[in-house]
>>> print(open('run.cif').read())   # mmCIF, C-alpha atoms
data_upload
loop_
_atom_site.label_atom_id
_atom_site.label_comp_id
_atom_site.auth_asym_id
_atom_site.auth_seq_id
_atom_site.Cartn_x
_atom_site.Cartn_y
_atom_site.Cartn_z
CA MET V 1 -28.91 6.31 -11.63
CA THR V 2 -26.54 6.28 -8.66
CA THR V 3 -23.56 3.97 -8.43
CA GLU V 4 -21.06 3.02 -5.79
CA GLN V 5 -17.51 2.06 -6.73
CA ILE V 6 -15.99 -0.71 -4.62
CA ASN V 7 -12.18 -0.80 -4.71
CA ALA V 8 -10.24 -3.15 -2.44
CA GLU V 9 -7.05 -5.18 -2.43
CA PHE V 10 -6.04 -8.07 -0.17
CA VAL V 11 -3.19 -10.54 0.27
CA VAL V 12 -4.41 -14.02 1.28
CA PRO V 13 -3.21 -14.80 4.84
CA PRO V 14 -2.08 -18.32 5.88
CA GLU V 15 -5.35 -19.12 7.65
CA LEU V 16 -7.33 -18.74 4.40
CA ALA V 17 -5.01 -20.83 2.22
CA GLU V 18 -6.75 -23.67 0.33
CA ARG V 19 -10.16 -22.07 0.87
CA ARG V 20 -12.59 -21.49 -2.00
CA LEU V 21 -12.13 -18.06 -3.53
CA ASP V 22 -15.68 -16.94 -2.73
CA GLN V 23 -15.32 -18.12 0.88
CA ALA V 24 -11.95 -16.45 1.37
CA ALA V 25 -13.17 -13.19 -0.19
CA ALA V 26 -16.28 -13.25 2.02
CA ASP V 27 -14.04 -13.58 5.10
CA LEU V 28 -11.89 -10.69 3.91
CA MET V 29 -14.93 -8.51 3.09
CA PRO V 30 -17.61 -9.41 5.67
CA GLU V 31 -19.60 -6.28 4.81
CA HIS V 32 -20.55 -7.89 1.47
CA SER V 33 -22.71 -10.96 0.93
CA ARG V 34 -21.40 -14.20 -0.57
CA ALA V 35 -23.84 -13.85 -3.47
CA ARG V 36 -22.56 -10.35 -4.27
CA ILE V 37 -18.95 -11.56 -4.15
CA GLN V 38 -19.73 -14.53 -6.39
CA GLY V 39 -21.23 -12.13 -8.91
CA TRP V 40 -18.06 -10.04 -8.90
CA ILE V 41 -15.93 -13.15 -9.43
CA LYS V 42 -18.05 -14.36 -12.35
CA SER V 43 -18.08 -10.93 -14.00
CA GLY V 44 -14.32 -10.47 -13.62
CA GLN V 45 -14.66 -7.56 -11.20
CA LEU V 46 -12.77 -9.62 -8.60
CA THR V 47 -9.48 -11.10 -9.77
CA VAL V 48 -6.64 -13.16 -8.27
CA ASN V 49 -3.10 -12.26 -9.26
CA GLY V 50 -4.53 -10.25 -12.15
CA GLN V 51 -6.55 -13.16 -13.57
CA SER V 52 -10.21 -14.13 -13.51
CA ARG V 53 -11.09 -17.22 -11.52
CA LYS V 54 -14.14 -19.29 -10.63
CA PRO V 55 -15.82 -19.00 -7.21
CA ARG V 56 -14.86 -22.58 -6.29
CA ASP V 57 -11.15 -22.20 -7.20
CA LYS V 58 -8.79 -22.50 -4.22
CA VAL V 59 -6.59 -19.62 -3.10
CA GLN V 60 -3.01 -19.83 -1.86
CA ILE V 61 -0.93 -17.92 0.68
CA GLU V 62 -0.01 -14.43 -0.59
CA ASP V 63 -2.37 -14.57 -3.57
CA ARG V 64 -3.38 -11.00 -4.42
CA ILE V 65 -7.14 -10.44 -4.55
CA VAL V 66 -8.25 -7.20 -6.23
CA VAL V 67 -11.82 -5.91 -6.35
CA ALA V 68 -12.86 -3.16 -8.76
CA ALA V 69 -16.64 -3.43 -8.78
CA VAL V 70 -19.61 -1.16 -9.31
CA VAL V 71 -22.91 -1.44 -7.46
CA GLU V 72 -25.51 0.12 -9.73
CA GLY V 73 -28.69 1.77 -8.60
CA GLN V 74 -32.16 0.55 -9.49
CA SER V 75 -32.81 3.10 -12.25
CA ARG V 76 -35.88 1.24 -13.50
CA TRP V 77 -37.72 1.93 -10.22
CA GLU V 78 -39.14 5.42 -9.82
CA ALA V 79 -39.31 7.29 -6.53
CA GLU V 80 -42.88 8.18 -5.56
CA PRO V 81 -44.20 10.33 -2.68
CA ILE V 82 -46.20 7.59 -0.98
CA ARG V 83 -46.82 7.94 2.76
CA LEU V 84 -44.86 5.53 4.94
CA GLN V 85 -45.33 4.72 8.62
CA VAL V 86 -41.73 4.67 9.86
CA VAL V 87 -41.45 3.30 13.40
CA TYR V 88 -37.64 3.50 13.63
CA GLU V 89 -34.71 4.63 11.53
CA ASP V 90 -31.01 5.34 11.79
CA GLU V 91 -28.12 5.40 9.32
CA ASP V 92 -28.18 1.59 8.97
CA LEU V 93 -31.82 0.57 8.82
CA ILE V 94 -35.45 1.62 8.55
CA VAL V 95 -38.35 -0.22 10.20
CA ILE V 96 -41.72 0.19 8.46
CA ASP V 97 -45.24 -0.65 9.63
CA LYS V 98 -46.79 -1.72 6.32
CA PRO V 99 -50.51 -1.23 5.67
CA ALA V 100 -52.75 -3.67 3.84
CA GLY V 101 -52.91 -3.21 0.09
CA LEU V 102 -49.30 -2.08 -0.39
CA VAL V 103 -47.23 -4.27 -2.71
CA VAL V 104 -43.56 -4.51 -1.66
CA HIS V 105 -41.74 -4.78 -5.02
CA PRO V 106 -42.53 -3.45 -8.49
CA ALA V 107 -43.52 -6.34 -10.75
CA ALA V 108 -45.86 -7.20 -13.59
CA GLY V 109 -49.17 -5.55 -12.80
CA HIS V 110 -47.59 -3.39 -10.09
CA ALA V 111 -44.98 -1.25 -11.83
CA ALA V 112 -45.63 1.68 -9.50
CA GLY V 113 -47.22 2.52 -6.19
CA THR V 114 -45.17 -0.03 -4.23
CA LEU V 115 -43.22 0.09 -0.99
CA VAL V 116 -39.97 0.22 -2.98
CA ASN V 117 -41.17 3.30 -4.89
CA ALA V 118 -42.06 4.91 -1.57
CA LEU V 119 -38.71 4.01 0.00
CA LEU V 120 -36.75 5.50 -2.90
CA HIS V 121 -38.57 8.80 -2.35
CA TYR V 122 -38.11 8.68 1.42
CA ALA V 123 -34.43 7.63 1.33
CA PRO V 124 -32.93 8.14 -2.17
CA GLU V 125 -29.65 6.49 -1.11
CA LEU V 126 -31.45 3.12 -1.18
CA ASP V 127 -31.12 3.30 -4.98
CA ARG V 128 -27.62 1.83 -4.69
CA LEU V 129 -28.68 -1.23 -2.66
CA PRO V 130 -29.97 -4.58 -3.94
CA ARG V 131 -33.78 -4.44 -4.06
CA ALA V 132 -33.62 -0.95 -2.57
CA GLY V 133 -32.57 -2.45 0.78
CA VAL V 134 -35.57 -4.77 1.17
CA VAL V 135 -34.37 -8.04 2.72
CA HIS V 136 -37.72 -9.75 3.42
CA ARG V 137 -41.27 -9.32 2.21
CA LEU V 138 -44.82 -9.20 3.41
CA ASP V 139 -47.66 -10.14 1.07
CA LYS V 140 -49.67 -7.26 -0.38
CA ASP V 141 -52.52 -7.66 2.12
CA THR V 142 -50.46 -8.66 5.15
CA THR V 143 -49.90 -5.82 7.59
CA GLY V 144 -47.10 -5.12 10.02
CA LEU V 145 -43.39 -4.73 10.54
CA MET V 146 -40.63 -4.92 7.94
CA VAL V 147 -36.97 -3.96 8.19
CA VAL V 148 -35.08 -2.30 5.32
CA ALA V 149 -31.29 -2.05 5.10
CA ARG V 150 -29.84 1.41 4.54
CA SER V 151 -26.24 0.40 3.77
CA LEU V 152 -24.41 -2.48 2.11
CA GLU V 153 -23.03 -3.55 5.48
CA ALA V 154 -26.49 -3.58 7.04
CA HIS V 155 -27.91 -5.46 4.06
CA THR V 156 -25.31 -8.20 4.46
CA SER V 157 -25.92 -8.44 8.21
CA LEU V 158 -29.71 -8.60 7.93
CA VAL V 159 -29.62 -11.21 5.16
CA SER V 160 -27.23 -13.26 7.30
CA GLN V 161 -29.55 -13.04 10.30
CA LEU V 162 -32.44 -14.24 8.16
CA GLN V 163 -30.41 -17.12 6.75
CA GLU V 164 -29.13 -18.12 10.18
CA ARG V 165 -32.66 -17.89 11.62
CA THR V 166 -31.64 -15.44 14.33
CA MET V 167 -34.06 -12.71 13.28
CA GLY V 168 -37.28 -13.06 15.24
CA ARG V 169 -40.59 -12.53 13.45
CA GLU V 170 -43.95 -13.01 15.15
CA TYR V 171 -47.35 -12.81 13.48
CA GLU V 172 -50.92 -12.80 14.69
CA ALA V 173 -53.52 -14.58 12.60
CA VAL V 174 -57.15 -15.65 12.77
CA VAL V 175 -57.76 -19.11 11.35
CA THR V 176 -60.80 -21.19 10.55
CA GLY V 177 -61.58 -24.03 12.95
CA GLU V 178 -60.90 -24.63 16.63
CA LEU V 179 -57.30 -25.52 17.38
CA THR V 180 -56.87 -27.44 20.63
CA GLY V 181 -53.25 -26.39 21.25
CA GLY V 182 -50.08 -25.06 19.74
CA GLY V 183 -47.74 -26.94 17.45
CA THR V 184 -45.18 -26.81 14.67
CA VAL V 185 -45.60 -27.29 10.93
CA ASN V 186 -42.34 -28.52 9.40
CA GLN V 187 -43.19 -29.08 5.75
CA PRO V 188 -41.31 -28.06 2.57
CA ILE V 189 -42.88 -25.37 0.39
CA GLY V 190 -42.58 -24.92 -3.37
CA ARG V 191 -44.64 -23.95 -6.40
CA HIS V 192 -47.99 -25.70 -6.73
CA PRO V 193 -47.52 -28.38 -9.41
CA GLN V 194 -50.67 -27.36 -11.34
CA GLN V 195 -51.42 -23.76 -10.28
CA ARG V 196 -48.09 -22.03 -10.69
CA GLN V 197 -49.26 -18.75 -9.15
CA LYS V 198 -49.77 -20.59 -5.84
CA MET V 199 -47.39 -22.16 -3.35
CA ALA V 200 -47.98 -25.54 -1.72
CA VAL V 201 -46.47 -28.17 0.53
CA VAL V 202 -44.57 -30.29 -1.99
CA ALA V 203 -41.90 -32.96 -1.85
CA GLY V 204 -38.62 -31.40 -2.86
CA GLY V 205 -39.70 -27.91 -1.83
CA LYS V 206 -37.58 -25.60 0.32
CA PRO V 207 -37.50 -26.35 4.05
CA ALA V 208 -40.11 -24.34 5.95
CA VAL V 209 -40.88 -24.29 9.68
CA THR V 210 -43.76 -22.45 11.35
CA HIS V 211 -44.45 -22.56 15.10
CA TYR V 212 -47.89 -21.56 16.36
CA ARG V 213 -49.64 -21.24 19.69
CA LEU V 214 -53.12 -20.27 20.80
CA ILE V 215 -53.99 -16.76 21.89
CA LYS V 216 -57.75 -17.40 22.13
CA ARG V 217 -60.11 -20.05 20.84
CA PHE V 218 -63.59 -19.04 19.67
CA ARG V 219 -66.50 -21.08 18.40
CA GLY V 220 -65.39 -22.09 14.91
CA HIS V 221 -62.24 -19.95 14.82
CA THR V 222 -58.92 -19.48 16.61
CA HIS V 223 -56.69 -16.47 17.21
CA ILE V 224 -53.06 -17.63 17.03
CA LEU V 225 -49.48 -16.39 17.30
CA CYS V 226 -47.03 -17.68 14.68
CA GLN V 227 -43.23 -17.64 14.78
CA LEU V 228 -41.20 -18.21 11.64
CA GLU V 229 -37.92 -20.07 11.44
CA THR V 230 -37.83 -19.70 7.66
CA GLY V 231 -39.32 -17.11 5.31
CA ARG V 232 -40.87 -18.89 2.35
CA THR V 233 -43.40 -17.21 0.10
CA HIS V 234 -46.89 -17.37 1.68
CA GLN V 235 -45.43 -19.63 4.42
CA ILE V 236 -47.98 -19.12 7.21
CA ARG V 237 -50.89 -19.13 4.76
CA VAL V 238 -49.72 -22.37 3.13
CA HIS V 239 -48.84 -24.16 6.36
CA MET V 240 -52.10 -23.32 8.13
CA ALA V 241 -54.13 -24.35 5.08
CA HIS V 242 -52.10 -27.59 4.97
CA ILE V 243 -53.27 -28.52 8.48
CA ARG V 244 -56.85 -27.58 7.50
CA HIS V 245 -56.96 -24.31 9.41
CA PRO V 246 -56.69 -21.67 6.66
CA LEU V 247 -56.59 -17.98 7.48
CA VAL V 248 -59.86 -16.08 7.55
CA GLY V 249 -60.26 -14.03 4.39
CA ASP V 250 -57.45 -15.74 2.46
CA PRO V 251 -58.48 -15.46 -1.21
CA VAL V 252 -55.93 -18.00 -2.41
CA TYR V 253 -55.69 -20.69 0.26
CA GLY V 254 -58.88 -20.15 2.27
CA GLY V 255 -61.17 -22.50 0.37
CA ARG V 256 -64.91 -22.48 0.99
CA MET V 257 -65.96 -20.46 4.02
CA ARG V 258 -66.84 -22.67 6.99
CA LEU V 259 -69.33 -21.21 9.47
CA PRO V 260 -69.89 -22.51 13.02
CA PRO V 261 -73.39 -23.76 13.94
CA GLY V 262 -75.75 -20.96 14.89
CA THR V 263 -73.75 -18.29 13.06
CA THR V 264 -75.45 -14.92 13.32
CA GLU V 265 -75.99 -12.61 10.40
CA THR V 266 -73.49 -10.20 11.95
CA LEU V 267 -70.75 -12.83 12.15
CA GLN V 268 -71.49 -14.20 8.68
CA ARG V 269 -71.21 -10.70 7.22
CA ALA V 270 -67.97 -10.00 9.13
CA LEU V 271 -66.38 -13.22 7.82
CA SER V 272 -67.61 -12.98 4.25
CA GLU V 273 -66.67 -9.32 3.90
CA PHE V 274 -63.28 -9.49 5.60
CA PRO V 275 -61.15 -7.93 2.85
CA ARG V 276 -57.87 -9.86 3.14
CA GLN V 277 -56.05 -12.71 4.86
CA ALA V 278 -56.21 -12.06 8.62
CA LEU V 279 -52.46 -11.87 9.15
CA HIS V 280 -50.36 -9.21 10.90
CA ALA V 281 -46.59 -9.08 11.48
CA ARG V 282 -46.72 -7.85 15.05
CA ARG V 283 -43.16 -8.18 16.37
CA LEU V 284 -39.69 -7.95 14.88
CA LYS V 285 -36.44 -8.75 16.71
CA LEU V 286 -32.89 -8.45 15.35
CA ASP V 287 -29.32 -7.56 16.24
CA HIS V 288 -28.38 -4.08 15.07
CA PRO V 289 -26.09 -4.45 12.02
CA ALA V 290 -23.51 -1.95 13.29
CA THR V 291 -23.57 -2.29 17.08
CA GLY V 292 -24.82 -5.84 17.58
CA GLU V 293 -27.33 -4.51 20.12
CA PRO V 294 -30.54 -6.60 20.38
CA MET V 295 -33.50 -4.54 19.19
CA SER V 296 -37.22 -5.20 18.91
CA TRP V 297 -40.39 -3.45 17.80
CA GLU V 298 -44.10 -4.22 18.14
CA SER V 299 -47.05 -3.13 16.03
CA PRO V 300 -50.63 -3.12 17.35
CA LEU V 301 -53.28 -5.09 15.51
CA PRO V 302 -54.90 -3.11 12.69
CA ASP V 303 -58.50 -2.03 13.11
CA ASP V 304 -59.98 -4.64 10.76
CA MET V 305 -58.52 -7.53 12.78
CA VAL V 306 -59.52 -5.89 16.08
CA GLN V 307 -63.10 -5.64 14.81
CA LEU V 308 -63.07 -9.23 13.54
CA LEU V 309 -61.92 -10.53 16.94
CA ALA V 310 -64.55 -8.41 18.69
CA THR V 311 -67.27 -9.92 16.48
CA LEU V 312 -66.03 -13.45 17.20
CA ALA V 313 -65.99 -12.69 20.94
CA ALA V 314 -69.51 -11.25 20.81
CA PHE V 315 -70.76 -14.39 19.05
CA ASP V 316 -69.18 -16.52 21.79
CA ASP V 317 -70.73 -14.38 24.55
CA ALA V 318 -74.16 -14.53 22.95
CA TRP V 319 -73.92 -18.30 22.53
CA ASP V 320 -72.74 -18.82 26.12
CA GLY V 321 -75.44 -16.49 27.42
CA GLY V 322 -78.13 -18.44 25.63
CA ALA V 323 -76.87 -21.86 26.65
#
>>> encode(input="run.cif", output="structure tokens")
Amino acid sequence: MTTEQINAEFVVPPELAERRLDQAAADLMPEHSRARIQGWIKSGQLTVNGQSRKPRDKVQIEDRIVVAAVVEGQSRWEAEPIRLQVVYEDEDLIVIDKPAGLVVHPAAGHAAGTLVNALLHYAPELDRLPRAGVVHRLDKDTTGLMVVARSLEAHTSLVSQLQERTMGREYEAVVTGELTGGGTVNQPIGRHPQQRQKMAVVAGGKPAVTHYRLIKRFRGHTHILCQLETGRTHQIRVHMAHIRHPLVGDPVYGGRMRLPPGTTETLQRALSEFPRQALHARRLKLDHPATGEPMSWESPLPDDMVQLLATLAAFDDAWDGGA
């Protein structure tokens, strides 16, 4: 297991007097997240004038803040030689194009063979970062772009961009039903009250905002572009199901398959055999953690979604040709 020792000492300047300890320390150490600093305060690894304090305690001018903390590696996660499609990397971050079927984090039922196991083999230094540098997730069967932090400073920056909604994430999806235009779903998401393995739109859930617009409308289905303001679990899948346009192939939120009138055997087979939710993270935009430079990447649609759209288009052409 790798560890990183954090040693720092500060004297509280006048402009931070009367601020909460966690807020003042976050201003003094912007390369570390507020949550990490709060953990150090609670564990006694961050002290004020030689004494332990609470995160909400106020600091005074010339208080002496000392940090002697250890960031421990994720020893319980094994490195595995799993192939990764890396589309960009530097000393601060790695951008991955994730395939379908790859779980992001080790968990019950998926102790190995995950993206994290692959990352630890590809870049062993990620062992010292929270969640091996992963700052956002894609579902197992969602394809497309993910960014991974490669340093504590980058991790803090990327988490901040996600929280402040300045990181741009665009997805392509194929949904059931014919949407007549774009729109926004602004509905809170939380655990389903009866089926705890599912998420749902629920009162008291976390705020969640999804914008969508049409790319192409087919008979019985629509190809859409989604932009996320928030990043709740299963957000696009839950929001589109909530407005009665679930994603094609979604095994959890898709409900009973709805076929347009005159569906051909070819189209019925393509829809019934589509192996996953038709969702792809196609574009990622962020400010580089070290330079502040705006950066963006795009990922082409995977073959299964290309074929699905081609089948939908062929059904439309055949219908129009016979009309």
>>> residues_around(input="run.cif", residues="Val202 of chain V", least_positions_apart="5", cutoff="9 Å", atoms="only C-alpha atoms", output="ChimeraX atom specification")
/V:187-193
>>> resolve_selection(input="run.cif", expression="the PyMOL selection byres ((chain V and resi 105) around 7)", output="list in words")
Val103, Val104, Pro106, Ala107, Thr114, Leu115 and Val116 of chain V
>>> resolve_selection(input="run.cif", expression="the PyMOL selection byres ((chain V and resi 277-285) around 8)", output="ChimeraX atom specification")
/V:141-146,167-175,247-251,274-276,286-287,294-302,305
>>> residues_around(input="run.cif", residues="Asp90 of chain V", least_positions_apart="4", cutoff="10 Å", atoms="all atoms listed in the file", output="list in words")
Ile94, Val95, Ala149 and Arg150 of chain V
>>> residues_near_point(input="run.cif", point="(-44.9, 10.1, 4.4)", cutoff="12 Å", atoms="all atoms listed in the file", output="VMD selection string")
chain V and resid 80 to 87 96 to 97 115 118 to 123
>>> closest_residue(input="run.cif", among="V:Leu102, V:Gln5, V:Gly133, V:Thr156", to="Ala26 of chain V", atoms="only C-alpha atoms")
V:Thr156
>>> atom_distance(input="run.cif", atom1="atom CA of Trp77 of chain V", atom2="atom CA of Pro130 of chain V")
11.9 Å
>>> resolve_selection(input="run.cif", expression="the PyMOL selection byres ((chain V and resi 264-268) around 9)", output="JSON, numbers by chain")
{"V": [259, 262, 263, 269, 270, 271, 272, 273, 308, 311, 312, 314, 315]}
>>> write_last_selection(input="run.cif", atoms="C-alpha atoms", output="PDB file, in the coordinates of the input")
ATOM      1  CA  LEU V 259     -69.330 -21.210   9.470  1.00  0.00           C
ATOM      2  CA  GLY V 262     -75.750 -20.960  14.890  1.00  0.00           C
ATOM      3  CA  THR V 263     -73.750 -18.290  13.060  1.00  0.00           C
ATOM      4  CA  ARG V 269     -71.210 -10.700   7.220  1.00  0.00           C
ATOM      5  CA  ALA V 270     -67.970 -10.000   9.130  1.00  0.00           C
ATOM      6  CA  LEU V 271     -66.380 -13.220   7.820  1.00  0.00           C
ATOM      7  CA  SER V 272     -67.610 -12.980   4.250  1.00  0.00           C
ATOM      8  CA  GLU V 273     -66.670  -9.320   3.900  1.00  0.00           C
ATOM      9  CA  LEU V 308     -63.070  -9.230  13.540  1.00  0.00           C
ATOM     10  CA  THR V 311     -67.270  -9.920  16.480  1.00  0.00           C
ATOM     11  CA  LEU V 312     -66.030 -13.450  17.200  1.00  0.00           C
ATOM     12  CA  ALA V 314     -69.510 -11.250  20.810  1.00  0.00           C
ATOM     13  CA  PHE V 315     -70.760 -14.390  19.050  1.00  0.00           C
TER      14      PHE V 315
END
>>> closest_residue(input="run.cif", among="V:Thr47, V:Asp27, V:Pro260, V:Glu62", to="Val11 of chain V", atoms="all atoms listed in the file")
V:Glu62
>>> atom_distance(input="run.cif", atom1="atom CA of Ile41 of chain V", atom2="atom CA of Ala17 of chain V")
17.7 Å
>>> closest_residue(input="run.cif", among="V:Lys58, V:Arg258, V:His239, V:Arg36", to="Leu21 of chain V", atoms="all atoms listed in the file")
V:Lys58
>>> axis_aligned_box(input="run.cif", around="segment 52-70 of chain V", padding_each_side="3 Å", output="JSON")
{"center_x": -9.8, "center_y": -11.9, "center_z": -6.4, "size_x": 25.6, "size_y": 27.4, "size_z": 20.2}
>>> atom_distance(input="run.cif", atom1="atom CA of Gln235 of chain V", atom2="atom CA of Arg34 of chain V")
25.1 Å
>>> closest_residue(input="run.cif", among="V:His32, V:His136, V:Lys42, V:Arg217", to="Ser151 of chain V", atoms="all atoms listed in the file")
V:His32
>>> residues_around(input="run.cif", residues="Gly44 of chain V", least_positions_apart="2", cutoff="9 Å", atoms="all atoms listed in the file", output="tab-separated table (two decimals) with C-alpha atoms, in the frame of the given file")
chain	number	residue	atom	x	y	z
V	39	GLY	CA	-21.23	-12.13	-8.91
V	40	TRP	CA	-18.06	-10.04	-8.90
V	41	ILE	CA	-15.93	-13.15	-9.43
V	42	LYS	CA	-18.05	-14.36	-12.35
V	46	LEU	CA	-12.77	-9.62	-8.60
V	47	THR	CA	-9.48	-11.10	-9.77
V	51	GLN	CA	-6.55	-13.16	-13.57
V	52	SER	CA	-10.21	-14.13	-13.51
V	53	ARG	CA	-11.09	-17.22	-11.52
V	67	VAL	CA	-11.82	-5.91	-6.35
V	68	ALA	CA	-12.86	-3.16	-8.76
V	69	ALA	CA	-16.64	-3.43	-8.78
>>> residues_around(input="run.cif", residues="segment 164-166 of chain V", least_positions_apart="2", cutoff="8 Å", atoms="only C-alpha atoms", output="list in words")
Ser160, Gln161, Leu162, Gly168, Glu229, Thr230 and Leu286 of chain V
>>> residues_around(input="run.cif", residues="Leu214 of chain V", least_positions_apart="2", cutoff="6 Å", atoms="only C-alpha atoms", output="compact mmCIF listing (two decimals) with C-alpha atoms, in the frame of the given file")
# COMPACT_ATOMS: atom_id res chain seq x y z
CA GLY V 182 -50.08 -25.06 19.74
CA LYS V 216 -57.75 -17.40 22.13
CA ILE V 224 -53.06 -17.63 17.03
>>> closest_residue(input="run.cif", among="V:Lys198, V:Ala208, V:Pro289, V:Thr180", to="His245 of chain V", atoms="only C-alpha atoms")
V:Thr180
>>> decode(input="run.cif", residues="segment 193-207 of chain V", atoms="N, CA and C atoms", output="tab-separated table (two decimals), in the first residue's frame")
chain	number	residue	atom	x	y	z
V	193	PRO	N	-38.71	4.17	-3.26
V	193	PRO	CA	-39.20	3.86	-1.90
V	193	PRO	C	-39.46	2.38	-1.64
V	194	GLN	N	-39.76	1.60	-2.68
V	194	GLN	CA	-40.01	0.16	-2.50
V	194	GLN	C	-38.86	-0.70	-3.03
V	195	GLN	N	-38.32	-0.34	-4.18
V	195	GLN	CA	-37.26	-1.14	-4.80
V	195	GLN	C	-35.94	-0.41	-4.61
V	196	ARG	N	-35.23	-0.76	-3.55
V	196	ARG	CA	-34.09	0.03	-3.12
V	196	ARG	C	-32.89	-0.05	-4.08
V	197	GLN	N	-32.90	-1.03	-4.99
V	197	GLN	CA	-31.81	-1.12	-5.95
V	197	GLN	C	-32.01	-0.15	-7.11
V	198	LYS	N	-33.19	0.49	-7.16
V	198	LYS	CA	-33.50	1.43	-8.24
V	198	LYS	C	-33.50	2.86	-7.72
V	199	MET	N	-33.34	3.81	-8.63
V	199	MET	CA	-33.53	5.21	-8.34
V	199	MET	C	-34.87	5.65	-8.90
V	200	ALA	N	-35.35	6.80	-8.45
V	200	ALA	CA	-36.65	7.28	-8.91
V	200	ALA	C	-36.75	8.78	-8.66
V	201	VAL	N	-37.70	9.41	-9.35
V	201	VAL	CA	-38.04	10.79	-9.01
V	201	VAL	C	-38.87	10.74	-7.74
V	202	VAL	N	-38.33	11.34	-6.67
V	202	VAL	CA	-39.00	11.30	-5.36
V	202	VAL	C	-38.91	12.66	-4.69
V	203	ALA	N	-39.96	13.01	-3.97
V	203	ALA	CA	-39.93	14.24	-3.17
V	203	ALA	C	-38.82	14.10	-2.13
V	204	GLY	N	-38.04	15.12	-1.96
V	204	GLY	CA	-36.95	15.07	-1.00
V	204	GLY	C	-35.68	14.46	-1.55
V	205	GLY	N	-35.67	14.07	-2.84
V	205	GLY	CA	-34.46	13.56	-3.45
V	205	GLY	C	-33.47	14.68	-3.72
V	206	LYS	N	-32.31	14.33	-4.27
V	206	LYS	CA	-31.31	15.34	-4.59
V	206	LYS	C	-31.68	16.05	-5.89
V	207	PRO	N	-31.42	17.35	-5.96
V	207	PRO	CA	-31.75	18.08	-7.19
V	207	PRO	C	-31.07	17.44	-8.40
